[in-house]
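Colleague: For reference, the structure I am asking about is given below.
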Amino acid sequence: MTARSRRAAAAALLTLLLSVPLLGAAPASAAHDVQNPARVPNSSVLELPRPTGPHPVGRRTLHLVDRHRTDPWVPSAGNRELMVSVSYPARSASGSPVAYMTVDEARLLVEARGLSGIVNASTVAGTRTYGHVSAPSAPGRFPLVLLSPGFSMPRSTLTSLADDLASRGYVVASVDHAYESVGTEFPGGRLLTCAACEQVGTRPEQAAVVRGRAKDMSFVIDELTSRQGTWLSRMIDPRRIGIAGHSIGGAAAAATMVIDGRVRAGVDLDGDFYASPAGAGLGRRPFMMLGAESTHSPQSVGTDWPDAWSRLNGWKRWLTATGAEHYSFTDLPYLAGQLGLSDPAVPLSGERGWNMTRDYVAAFFDLHFRGIPQPLLDGPTTSHPEIAFRQP
């Protein structure tokens, strides 16, 4: 690929990545490991940020089926299905590198934006990652953090956050909710597309998405903590479970805490709550909101964060980032930014967006699950001048 063609593909990729719309007797479940997709040849220059913790990162992929629930978007499909990528502290960096996503998943992402023939799916799928398939797990028990992506976004868009937390000593479960992304590969060669995107538009419908995801996440906790004697149950400390999500996944973080007292702390990355009343039901458990200054400041029109803030009764933070946009809290701007691209409408670079997301989310969980003091969470710092602490 020539320099000129790389620039053209990268420009199209930036458009793609930043414009995807948001918006009993029988066992209760069926779950099994599935083979991680083979790593595609890396024909591009795309690369995720290297994890900053001391541990190598292992990855296993699980297919979970909740036999007590029917899929809400495609009832004819039967039971609710989830794909879960589990990133964890590994003993060594053995095993093949994990693929960012499959070529077919990338193809669907490209097609959803009308960019077929402009962006090769392998360019996206071939992004270099730092997880290792089925690497031996590190000894010890670690906090569990669940991650839920934005509406229409696959779980892969939170890979950097998942792997960085895993490198710092967390087990991280990133969840794809069936029929809620532009394309997710399930066992049997099934590519499930976003049926929910055709059914969700109004705020009450978005609230239904949030309630469904809360049930999904609680079910994932059941599965990951109840497999007695397995490598995974031995790694997880069930007394330290947290959750974070981007966009509607952030709303799902709060909603999961409402219905599941096992979740002790949560983070919302640039997502409204969609609940009524917003922010109620968390008790005194800690919660942090981190969002774009343009849409989630106290004076922003349409956000429900002010209502939520008034009902959060435990440790809490409301942080906004100047110059950020909705996807600044995901991998996507970083993938574009490392190619030397910039979006004039988004002053905050992809690298700065990644650094702030990594640092504040890690600080939050280290404070509440490890008791490590975090000056970063006490007030503005020169290291992150774009972050404002809101006290409405």
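Chain lettering (A, B, ...) mirrors the order of the structure tokens, residue numbering begins at 1 for each chain separately, and ligand numbering begins at 1 in order of display.
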Out of segment 50-219 of chain A, which residues get helix (DSSP H, G or I) from DSSP, as a PyMOL selection string?
Modeller: chain A and resi 75-77+103-112+121-125+155-167+195-198+203-219
Colleague: Considering only C-alpha atoms, return as a list in words whatever protein or nucleic-acid residues lie within 12 Å of Thr52 of chain A, sequence-local ones (same chain, fewer than 5 positions apart) excluded.
Modeller: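 Close residues of Thr52 of chain A: Val57, Tyr130, Ser160, Leu161, Ala162, Asp163, Asp164, Leu165, Ala166, Ser167, Arg168, Gly169, Asn355, Arg358, Asp359 and Ala362 of chain A.
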Colleague: One decimal, Å: what's the distance from atom CA of Gly371 of chain A over to atom CA of Pro56 of chain A, could you say?
Modeller: 23.0 Å
Colleague: Contacts of His326 of chain A at 9 Å or less, counting only C-alpha atoms, minus same-chain residues fewer than 6 places along, as JSON, numbers by chain?
Modeller: {"A": [18, 22, 246, 247, 269, 270, 271, 291, 292, 295]}
Colleague: For a test of reading the model, state the distance in Å between atom CA of Thr102 of chain A and atom CA of Asn120 of chain A, rounded to one decimal.
Modeller: 12.4 Å
Colleague: Would you list the contacts of Ala255 of chain A as a ChimeraX atom specification, taking every protein, DNA or RNA residue within 9 Å and counting only C-alpha atoms, but skipping same-chain residues closer than 5 positions in sequence?
Modeller: /A:210-211,213-215,250,260,273,275,279,281-282
Colleague: Those same residues - N, CA and C atoms - I'd like them written as a short mmCIF file (atom, residue, chain, number, x, y, z; two decimals), in the first residue's frame.
Modeller:
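Here's the written file again-v2.cif:
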```cif
data_model
loop_
_atom_site.label_atom_id
_atom_site.label_comp_id
_atom_site.auth_asym_id
_atom_site.auth_seq_id
_atom_site.Cartn_x
_atom_site.Cartn_y
_atom_site.Cartn_z
N VAL A 210 -31.50 -0.30 27.79
CA VAL A 210 -30.73 -0.24 29.03
C VAL A 210 -31.19 -1.32 30.01
N ARG A 211 -32.49 -1.48 30.16
CA ARG A 211 -33.01 -2.49 31.10
C ARG A 211 -32.61 -3.89 30.64
N ARG A 213 -29.96 -4.69 28.85
CA ARG A 213 -28.53 -4.87 29.07
C ARG A 213 -28.20 -5.10 30.54
N ALA A 214 -28.94 -4.46 31.43
CA ALA A 214 -28.71 -4.71 32.85
C ALA A 214 -28.94 -6.17 33.18
N LYS A 215 -29.97 -6.77 32.62
CA LYS A 215 -30.22 -8.20 32.82
C LYS A 215 -29.09 -9.02 32.21
N GLY A 250 -22.89 2.92 29.27
CA GLY A 250 -22.74 3.62 30.54
C GLY A 250 -24.03 3.65 31.31
N ASP A 260 -28.56 -5.33 40.75
CA ASP A 260 -27.61 -6.35 41.21
C ASP A 260 -26.65 -5.75 42.23
N PHE A 273 -28.53 8.40 31.27
CA PHE A 273 -29.01 7.28 32.09
C PHE A 273 -30.26 6.62 31.51
N ALA A 275 -32.98 6.37 32.61
CA ALA A 275 -33.84 5.81 33.66
C ALA A 275 -34.69 6.92 34.25
N GLY A 279 -30.32 8.07 38.11
CA GLY A 279 -29.37 8.02 39.21
C GLY A 279 -29.89 7.40 40.48
N GLY A 281 -31.30 4.46 43.09
CA GLY A 281 -31.17 3.04 43.34
C GLY A 281 -29.76 2.52 43.54
N LEU A 282 -28.75 3.41 43.53
CA LEU A 282 -27.37 2.95 43.70
C LEU A 282 -26.93 2.96 45.16
#
```
Colleague: I'd like the contact shell of Pro298 of chain A - 10 Å cut-off, only C-alpha atoms, skipping same-chain residues fewer than 6 positions apart - returned as a list in words.
Modeller: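 Close residues of Pro298 of chain A: Asp304, Trp305, Pro306, Asp307, Trp309, Trp318, Thr320, Arg390, Gln391 and Pro392 of chain A.
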Colleague: Skipping near chain neighbours, those fewer than 5 positions away, what residues fall within 12 Å of Ser137 of chain A using only C-alpha atoms, listed as a PyMOL selection string?
Modeller: chain A and resi 55-60+86-95+132+142+166-167+169-171+230-236
Colleague: As an MDAnalysis selection string, please: the residues near Tyr274 of chain A (cut-off 8 Å, only C-alpha atoms, same-chain neighbours under 5 positions excluded).
Modeller: chainID A and resid 203:204 206:207 210 251 304
Colleague: For the residues selected in the previous step, produce a file with C-alpha atoms as a compact mmCIF listing (two decimals), in the first residue's frame.
Modeller:
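Output saved as result.txt:
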```txt
# COMPACT_ATOMS: atom_id res chain seq x y z
CA ARG A 203 -36.12 7.66 24.63
CA PRO A 204 -38.50 5.02 26.10
CA GLN A 206 -33.60 3.44 24.54
CA ALA A 207 -34.58 2.88 28.17
CA VAL A 210 -30.73 -0.24 29.03
CA ALA A 251 -26.46 3.77 31.23
CA ASP A 304 -30.05 13.79 32.42
```
Colleague: Under the rule that only C-alpha atoms are counted, which of A:Asp66, A:Ala138, A:Ser310, A:Thr357 is the nearest residue to Pro54 of chain A?
Modeller: A:Ala138
